[in-house]
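Comments concern the structure below.
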Amino acid sequence: MTAELQHTGDVVEAELLPADAAGAGAVETYDSATAAVLAALDQGAEEHLADARPKKTRTSYARDWELWTEFHRWLAGQTGHMLPLTAVTKGTLVAFVVWLDEMKTAAPATIDRRITGVTVTARRHGTEVPKQATKAAREALKPMKLDPVRIARGRGKAIAATPAHLKAMNTAPAARPQPEVGRRRGTQELPELARLRDRALATLAFGIAGRSEEVSSLDTEGITQVAEGLEVHVPSVKGRPPRDVAVAYGENPDTCPVRCWLAWKEAAALTAGPAFLPVDQKGRPGTQRLGPDGCRLAITRAAERAGLDVKLTGHSARRGLVSTGRKRGKRAEKLRKQGGWAANSPVFWEYVDEGERWEDTATEGIGL
């Protein structure tokens, strides 16, 4: 077989390759010793990548594998035979999806994530998971994702926080009712330092459109006061690129992220280290960083203390900046960069649509 070849740098352009070049991309067969070394290196790479994952992800994957083990025990009861846990096939993975749906009444989003956890863990154990297995599992999941009843099993979408929500949270009384214990019912006074922290945390999370993990990772030295407001460095979290954003002074002192941050910083005597710390019942700051769950709880409890009729979560501030910003005419691209979304993020554009819902509506000005 012959053909005229034209070389362009490292690229070979030809309609047909010569016979001796046709096998250039063939897989080489290694001797047993070489194959063993390569297999050991592959296994070491899997373990290194597993150890590099965030602790919360590792914990979630461990829980996914526990459920996979429970599913196999259930399956053994149905078939009379216990399959090895490494049997991650098209049949077992689809059956796992159905089991999670029918026996565990899991939300579709949760099932989707558990598929990932099982396949990642199985690969770490040296199992080759066929692509058709994960593809079939997600095909089985598709109709579940369209079922409103199944979707309602999960927490649902976070409620978008608004400046009105933040004002109510930041001006709520420090005393909050306590649940009944026997016949007694009392109140608990929120320490002033905790109140200042919660004000700063909620407003700054809103200002940077920050994930709870990002708010938790903020450092004092990464938040710089300038004439216009704050310059905030948001560190890389879970492999996402870091970003530097500007947070301007607010119109209302009770919801201004700059003033709230400065008040907390001064009261907690922060000079370096974590931007947000835990505070005990006596109003004493801790020394360790407030974790992502702590940041989420701070926002949720502040909303409860304010008596809001909606439940706010750690993601509410992130969603709220986009929807509020679009209502006030902020450019979508500006909002996207503030929160670090990818240009093609469907979640971000969903938030944009939410903010534009009442902008030039289809029924407006048509003579109705």
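Ordering of the structure tokens sets the chain letters (A, B, ...), residue numbers begin anew at 1 in every chain, and ligands are numbered from 1 in the order given.
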Practice task
If you run DSSP over the backbone, which residues in range 10-247 of chain A end up helix (DSSP H, G or I)? Put them as a ChimeraX atom specification.
Solution key: /A:19-21,32-52,55-79,90-102,108-124,131-145,148-151,163-170,192-208,212-217,220-222
Residues of range 97-166 of chain A that have any atom at most 7 Å from an atom of range 317-328 of chain A: could you tabulate them with the shortest-distance atom pair and the distance in Å to one decimal, using only C-alpha atoms, ordered by chain and increasing number, as JSON lines?
{"residue": "A:Ala160", "atom": "CA", "partner": "A:Gly320", "partner_atom": "CA", "distance": 4.2}
{"residue": "A:Ala161", "atom": "CA", "partner": "A:Gly320", "partner_atom": "CA", "distance": 4.5}
{"residue": "A:Thr162", "atom": "CA", "partner": "A:Gly320", "partner_atom": "CA", "distance": 5.8}
Could you take the residues named above and write them with all heavy atoms, as an mmCIF file, in the first residue's frame?
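Listed below is the output, again-v4.cif:
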data_model
loop_
_atom_site.group_PDB
_atom_site.id
_atom_site.type_symbol
_atom_site.label_atom_id
_atom_site.label_comp_id
_atom_site.auth_asym_id
_atom_site.auth_seq_id
_atom_site.Cartn_x
_atom_site.Cartn_y
_atom_site.Cartn_z
ATOM 1 N N ALA A 160 -33.669 31.319 46.892
ATOM 2 C CA ALA A 160 -32.767 32.451 46.662
ATOM 3 C C ALA A 160 -32.916 33.474 47.788
ATOM 4 O O ALA A 160 -34.022 33.947 48.073
ATOM 5 C CB ALA A 160 -33.064 33.104 45.317
ATOM 6 N N ALA A 161 -31.827 33.809 48.432
ATOM 7 C CA ALA A 161 -31.845 34.849 49.463
ATOM 8 C C ALA A 161 -31.994 36.217 48.805
ATOM 9 O O ALA A 161 -31.564 36.429 47.676
ATOM 10 C CB ALA A 161 -30.562 34.797 50.279
ATOM 11 N N THR A 162 -32.608 37.143 49.505
ATOM 12 C CA THR A 162 -32.790 38.500 49.004
ATOM 13 C C THR A 162 -32.241 39.488 50.032
ATOM 14 O O THR A 162 -32.046 39.128 51.204
ATOM 15 C CB THR A 162 -34.286 38.806 48.787
ATOM 16 O OG1 THR A 162 -34.940 38.808 50.067
ATOM 17 C CG2 THR A 162 -34.933 37.762 47.877
#
Practice task
Enter the distance from CA of Leu204 in chain A to CA of Met169 in chain A, in Å, rounded to one decimal.
Solution key: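 That distance, rounded to one decimal, is 13.6 Å.
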Exercise for the section: Quick one: pick out all strand (DSSP E) residues within range 218-336 of chain A from a backbone DSSP run and write them as a PyMOL selection string. Expected result: chain A and resi 223-226+229-234+243-248
Problem - Residues within 7 Å of Gly229 in chain A, only C-alpha atoms, excluding chain neighbours under 6 positions, as a list of chain:residue names - result: A:Val247, A:Ala248, A:Tyr249, A:Val258
Problem - Two-atom distance - CA of Pro84 in chain A, CA of Trp68 in chain A (Å) - result: 10.9 Å
Practice task
Would you mind telling me which residue in A:Ala332, A:Ala275, A:Leu368, A:Ala205 lies nearest to Gly355 in chain A when using only C-alpha atoms?
Solution key: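 Residue with the minimum atom-to-atom distance to Gly355 in chain A: A:Ala332.
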Each residue of range 33-102 of chain A lying at most 9 Å from range 121-143 of chain A should get a row with its shortest atom-to-atom pair and the distance in Å to one decimal, counting only C-alpha atoms; could you produce that, ordered by chain and increasing number, as a tab-separated table?
residue	atom	partner	partner_atom	distance
A:Asp42	CA	A:Gly126	CA	8.9
A:Gln43	CA	A:Gly126	CA	6.9
A:Glu46	CA	A:Arg124	CA	5.5
A:Glu47	CA	A:Arg124	CA	6.6
A:Ala50	CA	A:Arg124	CA	7.8
A:Tyr61	CA	A:Thr121	CA	7.0
A:Ala62	CA	A:Thr121	CA	8.1
A:Asp64	CA	A:Thr121	CA	8.7
A:Trp65	CA	A:Thr121	CA	7.2
A:Leu85	CA	A:Ala122	CA	8.1
A:Thr86	CA	A:Thr127	CA	6.1
A:Ala87	CA	A:Thr127	CA	8.1
A:Val88	CA	A:Val129	CA	6.1
A:Thr89	CA	A:Ala133	CA	5.4
A:Lys90	CA	A:Ala133	CA	3.8
A:Gly91	CA	A:Ala133	CA	7.4
A:Thr92	CA	A:Ala133	CA	8.4
A:Leu93	CA	A:Ala137	CA	5.8
A:Val94	CA	A:Ala137	CA	4.6
A:Ala95	CA	A:Ala137	CA	8.3
A:Phe96	CA	A:Ala137	CA	8.3
A:Val97	CA	A:Ala137	CA	6.5
A:Val98	CA	A:Ala140	CA	8.0
Handout entry: Among listed residues A:Ala45, A:Ala106, A:Leu290, A:Leu201, nearest Val149 in chain A (using only C-alpha atoms)
Key =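 Ranked by minimum distance to Val149 in chain A, first place goes to A:Ala106.
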Handout entry: Who sits within 9 Å of Val237 in chain A, only C-alpha atoms, same chain under 6 positions skipped, as a list of chain:residue names
Key = A:Pro54, A:Glu213, A:Glu214, A:Ser217
Problem - Spatial neighbours of Glu333 in chain A, 12 Å, only C-alpha atoms, chain gap at least 3 places, as a list in words - result: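 The filter keeps Val322, Gly325, Arg326, Gly329, Lys330, Arg336, Lys337, Gln338, Gly339, Gly340, Trp341, Ala342, Ala343, Asn344, Ser345, Phe348, Trp349 and Val352 of chain A.
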Export of prior selection with C-alpha atoms as a short mmCIF file (atom, residue, chain, number, x, y, z; two decimals), in the first residue's frame:
data_model
loop_
_atom_site.label_atom_id
_atom_site.label_comp_id
_atom_site.auth_asym_id
_atom_site.auth_seq_id
_atom_site.Cartn_x
_atom_site.Cartn_y
_atom_site.Cartn_z
CA VAL A 322 -27.68 36.29 40.56
CA GLY A 325 -28.54 41.24 40.41
CA ARG A 326 -30.45 40.53 37.21
CA GLY A 329 -29.98 45.23 35.71
CA LYS A 330 -26.54 43.76 36.46
CA ARG A 336 -21.07 34.83 36.33
CA LYS A 337 -17.50 35.87 37.08
CA GLN A 338 -18.40 36.97 40.62
CA GLY A 339 -19.57 33.46 41.47
CA GLY A 340 -17.01 31.60 39.37
CA TRP A 341 -19.49 29.73 37.17
CA ALA A 342 -18.38 28.20 33.88
CA ALA A 343 -19.58 30.05 30.79
CA ASN A 344 -21.84 27.15 29.81
CA SER A 345 -23.15 26.40 33.31
CA PHE A 348 -26.10 29.76 36.33
CA TRP A 349 -28.35 30.48 33.36
CA VAL A 352 -30.38 34.36 35.34
#
